[in-house]
Amino acid sequence: MHRSLSYRVKIARAAALVLALFAGASGLQAQSPNVPVKVDQDGTVHVPAMLVPVSSLSSPEAQAYVAEHLRQMQQPALLQQVDGVPVFMKPYLARQTALFAHKKVEATIGGVHVYDYAPAAGIAPANRHRVLINLHDGGFSGCFPGCAELESIPVTALGRVRVVSVDYREGPDHKFPAASEDVASVYRALLKSYPAQNIGIYGCSAGGMLTGMAMAWFDAHGLPRPGAIGIFCAGVTTSAFGFGGDADFVAIPIGEARAAPVWPPAEPNAVTKLPYLAGTDPKDPLVNPGVSDAVMRRFPPTLIITATRGFEYSSAVHTHAQLVRLGVDAELHVWEGLFHGFFYNPDVPESREAYDVMVRFFDRHLGR
C-alpha cells in the first residue's frame, strides 16, 4: 500500500512538472500571442518580433558584458579605429597590458613586419623550441596592432610561449593572395629555427579565416603542415552576410545589435563583401578551403572557438563537423550567450576559460 501511494505521488509530481514546462513554453510565446509564425513552402520562417534577454546560463560578468557590447555596437564613434585600435577595444587592451606581463619587439621576419611577443617571466623550458603565429582580426582591413595585441598578450603570458603576430597585407590596398603570401613568408623563415610540428598558428575572425586559407596555401606550395592550428571566431565558409548558415540571421541581431539581413538577398550570387577577397572564385580552396575535402583532410589538429551569439557560430559548428567527418583531430568549444571575439575582455570568466583552452590545446599538440 505504501509503495502504491509513493508511486502515485511520483506520477502526480511528474505530471505537474510536464504541465509546468508546458506552461512555461506557452509563456514564452506570450510576447506575440496573436502573431503566428509563418512558414513558406521552402522553409523560410517569418519570425515575429520578440524580446531576447541576456543568457541566464552566462556568468553575471558576461551578462553585463553582453549588455555593454550591444549598446556599444550602436555607437559608430566607438567602432572607429585610432592608430589601428577600435575605440571600444581600448579599455580591454589597457586591462590586458596591466594583467599579463610581457615583452614586445617590433621586427621583420621573412620580409614581413611583425610584433614578436614573449612572457616577462621568460619562456617555459617546455616551450623553448616552440612558437605560435598569430593572425589578427579586422575583416582584412585593419585592427593592427589592436587585435594582434588582444589575441597575443594573454597567450604569451599565460602559456609562457613566444607568439609572433603577423602584420599581413590587407584590403582595400591589397587583394588576395597577399595575406597568404605574407603568412607563408613568416612561416618559411620560422621553419629555419623550429620544426614544423613545433609551430602553431591561430587567429580570430579574419585571422581565423586566414589560418584555414594558410593551410590550403601551404599544401599547394609544398610547405609542411604546422603542428596545430586554432580557428577562432570563424569557420572555413563565407556568405554575403558573414560566415553563412543560421547565425547570419539569428546571431547578428542578438550578438551585434544589427538587423538581420534582408532575404532574399539583392545579390543572390554574392559570397562575401570583403574588399580583400573581391574578384576571387568561391570554389577556389585557396580562398575557401571548406569546398575541398582533400585540403581539409590534411589539416593538422584544429581548435575551433565560438559563442552562441557569434555571427560565425554556424560556420564554426559546420567546420568542426566536416573536419571530424574527414578524420581530422578537431575540438569545438562554444561559450553560451557571448558574441564574436568575446575573449578580448580579460575580466570576464568565460574569457579566462577560453585562454586556458587555447594554451592547453597547443601545449598538448605541439612537439617539444
# chains A, B, ... in the order shown; residues from 1 in each chain; ligands from 1

$ select_by_dssp --residues "stretch 120-352 of chain A" --states "strand (DSSP E or B)" --output "PyMOL selection string"
chain A and resi 131-135+163-166+199-204+228-232+302-309+330-339

$ residues_around --residues "stretch 151-162 of chain A" --least-positions-apart "6" --cutoff "7 Å" --atoms "only C-alpha atoms" --output "ChimeraX atom specification"
/A:96,100-102,117-119,122-124,127,131-132,134,355,359

$ residues_around --residues "A:Leu57" --least-positions-apart "6" --cutoff "12 Å" --atoms "only C-alpha atoms" --output "PyMOL selection string"
chain A and resi 63+308+335-338+350

$ decode --residues "stretch 245-280 of chain A" --atoms "C-alpha atoms" --output "PDB file, in the first residue's frame"
ATOM      1  CA  GLY A 245      24.217  29.388 -42.021  1.00  0.00           C
ATOM      2  CA  ASP A 246      21.573  30.212 -39.439  1.00  0.00           C
ATOM      3  CA  ALA A 247      23.916  32.509 -37.490  1.00  0.00           C
ATOM      4  CA  ASP A 248      23.809  35.106 -40.291  1.00  0.00           C
ATOM      5  CA  PHE A 249      20.182  35.735 -39.344  1.00  0.00           C
ATOM      6  CA  VAL A 250      19.914  34.679 -35.699  1.00  0.00           C
ATOM      7  CA  ALA A 251      23.220  35.669 -34.089  1.00  0.00           C
ATOM      8  CA  ILE A 252      23.780  39.026 -35.794  1.00  0.00           C
ATOM      9  CA  PRO A 253      20.765  40.783 -34.173  1.00  0.00           C
ATOM     10  CA  ILE A 254      21.293  39.399 -30.653  1.00  0.00           C
ATOM     11  CA  GLY A 255      25.100  39.475 -30.754  1.00  0.00           C
ATOM     12  CA  GLU A 256      25.875  42.670 -32.631  1.00  0.00           C
ATOM     13  CA  ALA A 257      22.678  44.745 -32.301  1.00  0.00           C
ATOM     14  CA  ARG A 258      22.312  44.860 -36.064  1.00  0.00           C
ATOM     15  CA  ALA A 259      19.206  43.970 -38.048  1.00  0.00           C
ATOM     16  CA  ALA A 260      19.183  40.581 -39.720  1.00  0.00           C
ATOM     17  CA  PRO A 261      19.996  40.759 -43.449  1.00  0.00           C
ATOM     18  CA  VAL A 262      17.162  41.054 -45.952  1.00  0.00           C
ATOM     19  CA  TRP A 263      16.076  37.822 -47.565  1.00  0.00           C
ATOM     20  CA  PRO A 264      16.180  37.060 -50.424  1.00  0.00           C
ATOM     21  CA  PRO A 265      19.447  38.927 -50.986  1.00  0.00           C
ATOM     22  CA  ALA A 266      19.753  41.729 -53.508  1.00  0.00           C
ATOM     23  CA  GLU A 267      22.867  39.965 -54.867  1.00  0.00           C
ATOM     24  CA  PRO A 268      21.922  36.276 -54.779  1.00  0.00           C
ATOM     25  CA  ASN A 269      25.293  35.099 -56.116  1.00  0.00           C
ATOM     26  CA  ALA A 270      27.455  37.159 -53.749  1.00  0.00           C
ATOM     27  CA  VAL A 271      29.729  35.136 -51.492  1.00  0.00           C
ATOM     28  CA  THR A 272      31.474  37.858 -49.494  1.00  0.00           C
ATOM     29  CA  LYS A 273      31.608  41.657 -49.477  1.00  0.00           C
ATOM     30  CA  LEU A 274      35.134  41.829 -48.091  1.00  0.00           C
ATOM     31  CA  PRO A 275      37.193  44.090 -50.406  1.00  0.00           C
ATOM     32  CA  TYR A 276      40.270  41.921 -49.856  1.00  0.00           C
ATOM     33  CA  LEU A 277      38.508  38.954 -51.463  1.00  0.00           C
ATOM     34  CA  ALA A 278      36.897  40.904 -54.324  1.00  0.00           C
ATOM     35  CA  GLY A 279      37.057  39.025 -57.619  1.00  0.00           C
ATOM     36  CA  THR A 280      38.035  35.691 -56.093  1.00  0.00           C
TER      37      THR A 280
END
